[in-house]
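Quick notes on the structure that follows.
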Amino acid sequence: MNSGGWDARIRRANDLISSYPFAAEGLRFYARVATFQKALSEEIQKALAGSPKISSDRPLRDKLDLFLLLPKFPGFLSMIEQIAPVPLAETAASLAQRGPAGWQHAIEDFWYRNQELAVGADETEIQSTDRGAATNSDRVLAWIFLQPYAEYLANHREIAVVDGTPSTCPLCGGKPIVGVLRSQGDGAKKSLVCMLCAHEWVFRRIYCPACGEEREPQMAYYSAPEIAHVRVDVCDTCHTYLKSVDLTKTGLAVVVVDELATIPLDLWARAHGYEKLQMNLLGT
């Protein structure tokens with residue numbers, strides 16, 4: 001994602017504030033986060049300019065440039081303290097007090113070890129079950145911070161042929177955060193977008209990325225007339241859902257932003273007993 005791509009995200013978030021007032025607070029938060037991410041992305045590109053392409057045989061997460069990233073982390077935490085909802089702001093303040101060793105642990109824990117991000121996870125339980133692990137909120141902060149770096153690596157990796165349609169990102173192993181529908185012939189083809197590196201890969205229309213269910217009667221989707229271009233894809237076998245953005249209905253959508261903005265669809269899905277495959281950075 002180059003700087004122009006970040007600009008599109010920021011612009012779309014600001015545009016949707018008036019259209020979706022119920023998501024205005026979250027969209028304002030996201031626009032400020034994306035502004036920081038854009039600046040960090042530009043610094044990463046300058047620092048790594050001229051580096052050779054990453055081999056397609058090399059795992060995306062086998063290296064982490066802490067020398068480049070760690071000095072940027074205190075500014076990120078300060079920004080989150082100022083603009084985030086209270087729980088995340090308090091986590092940022094706590095993490096800021098731990099110093100470089102604590103920052104490095106949080107970043108490395110997410111990058112190398114544990115990418116699980118649970119909605120409403122109890123941090124006391126997480127800490128008691130594994131004293132060496134960062135808390136869920138620590139990982140959310142590391143996730144947001146590392147997105148520009150992961151996207152840079154994904155965009156500077158040699159193209160590789162992917163067998164089949166994997167349910168997790170073929171580059172970094174991240175879960176999909178949103179689906180995309182694009183025009184193809186008389187219909188639409190489906191892709192998934194990675195929650196970390198934003199890589200997009202082709203995926204089967206009738207297939208659950210959570211449990212592998214492929215029986216059509218068990219798969220369904222729901223939408224609302226007020227948000228017709230975004231739908232909820234559900235699996236009645238594992239009771240998991242993922243939202244998809246239909247670009248055949250609006251070409252103005254920026255999928256990761258429109259996913260954030262359509263909170264009523266998440267509320268509907270959870271009220272009907274479905275659990276989201278991957279939460280977004282707003283925690284929904």
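Chain labels follow the order of the structure tokens: the first chain is A, the next B, and so on; residue numbering restarts at 1 in every chain, and ligands are counted from 1 in their shown order.
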Item to check | Residue contacts of Leu260 in chain A (9 Å, only C-alpha atoms) excluding same-chain residues fewer than 5 positions away, as a VMD selection string | outcome: chain A and resid 13 23 26 to 27 30 255 280 to 282 284
Could you write out that same residue set with N, CA and C atoms as an mmCIF file, in the first residue's frame?
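Wrote it out as out.cif, contents follow:
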data_model
loop_
_atom_site.group_PDB
_atom_site.id
_atom_site.type_symbol
_atom_site.label_atom_id
_atom_site.label_comp_id
_atom_site.auth_asym_id
_atom_site.auth_seq_id
_atom_site.Cartn_x
_atom_site.Cartn_y
_atom_site.Cartn_z
ATOM 1 N N ALA A 13 -12.699 7.307 5.003
ATOM 2 C CA ALA A 13 -13.155 7.380 6.390
ATOM 3 C C ALA A 13 -13.826 8.716 6.675
ATOM 4 N N ALA A 23 -21.209 5.461 13.184
ATOM 5 C CA ALA A 23 -19.805 5.030 13.188
ATOM 6 C C ALA A 23 -18.842 6.205 13.202
ATOM 7 N N GLY A 26 -15.706 6.105 15.598
ATOM 8 C CA GLY A 26 -14.730 5.117 15.165
ATOM 9 C C GLY A 26 -14.013 5.519 13.892
ATOM 10 N N LEU A 27 -14.736 6.129 12.971
ATOM 11 C CA LEU A 27 -14.132 6.561 11.714
ATOM 12 C C LEU A 27 -13.142 7.696 11.935
ATOM 13 N N TYR A 30 -10.093 6.057 13.296
ATOM 14 C CA TYR A 30 -9.373 5.357 12.236
ATOM 15 C C TYR A 30 -8.629 6.329 11.323
ATOM 16 N N VAL A 255 -12.399 -1.127 0.878
ATOM 17 C CA VAL A 255 -12.973 -2.268 1.589
ATOM 18 C C VAL A 255 -12.677 -2.276 3.086
ATOM 19 N N ASN A 280 -11.909 -6.179 13.791
ATOM 20 C CA ASN A 280 -11.176 -5.071 13.182
ATOM 21 C C ASN A 280 -10.538 -4.227 14.275
ATOM 22 N N LEU A 281 -9.838 -3.177 13.890
ATOM 23 C CA LEU A 281 -9.097 -2.420 14.886
ATOM 24 C C LEU A 281 -9.980 -1.568 15.786
ATOM 25 N N LEU A 282 -11.275 -1.477 15.474
ATOM 26 C CA LEU A 282 -12.209 -0.825 16.380
ATOM 27 C C LEU A 282 -12.734 -1.797 17.424
ATOM 28 N N THR A 284 -14.630 -4.428 16.732
ATOM 29 C CA THR A 284 -15.923 -5.007 16.334
ATOM 30 C C THR A 284 -15.697 -6.125 15.330
#
Item to check | For Leu171 in chain A, the nearest of the candidates A:Ser78, A:Asn155, A:Gln218, A:Ser244, counting only C-alpha atoms | outcome: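 The closest residue to Leu171 in chain A is A:Asn155.
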Checklist entry - Got a sec to tell me which of range 7-210 of chain A DSSP assigns to strand (DSSP E), as a ChimeraX atom specification? => result /A:176-184,187-194,200-203
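Candidate residues A:Arg231, A:Lys243, A:Arg157, A:Lys53 were compared for distance to Glu275 in chain A, and the nearest is A:Lys243, using only C-alpha atoms.
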Item to check | Selection near Ala92 in chain A, 9 Å with only C-alpha atoms, sequence-local residues under 3 positions removed, as a PyMOL selection string | outcome: chain A and resi 76-81+87-89+95-97+137-138+141
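The environment of Ala228 in chain A within 9 Å, counting only C-alpha atoms and disregarding residues fewer than 5 places along the same chain, consists of Ser223, Asp246 and Lys249 of chain A.
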Checklist entry - Hey, what's within 9 Å of Ala261 in chain A if we count only C-alpha atoms and toss same-chain stuff fewer than 2 positions away? As a list in words, please? => result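 Here the answer would be Ala13, Leu16, Ile17, Tyr20, Phe22, Ala23, Ala24, Gly26, Leu27, Val256, Val257, Asp258, Glu259, Ile263 and Pro264 of chain A.
Closest to Gln147 in chain A among A:Val245, A:Cys197, A:Met219, A:Val232 is A:Cys197, based on only C-alpha atoms.
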Checklist entry - Excluding same-chain residues fewer than 3 positions from range 200-217 of chain A, what lies within 9 Å of it counting only C-alpha atoms, as a PyMOL selection string? => result chain A and resi 162+164-170+175-176+179-180+189-194+197+220+233-238+240-242+277
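Rounded to one decimal, CA of Phe145 in chain A and CA of Arg270 in chain A lie 27.8 Å from each other.
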Item to check | Which residue of A:Ala154, A:Val178, A:Ile227, A:Leu267 approaches Val254 in chain A most closely, using only C-alpha atoms | outcome: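 Between A:Ala154, A:Val178, A:Ile227, A:Leu267, the residue approaching Val254 in chain A most closely is A:Val178.
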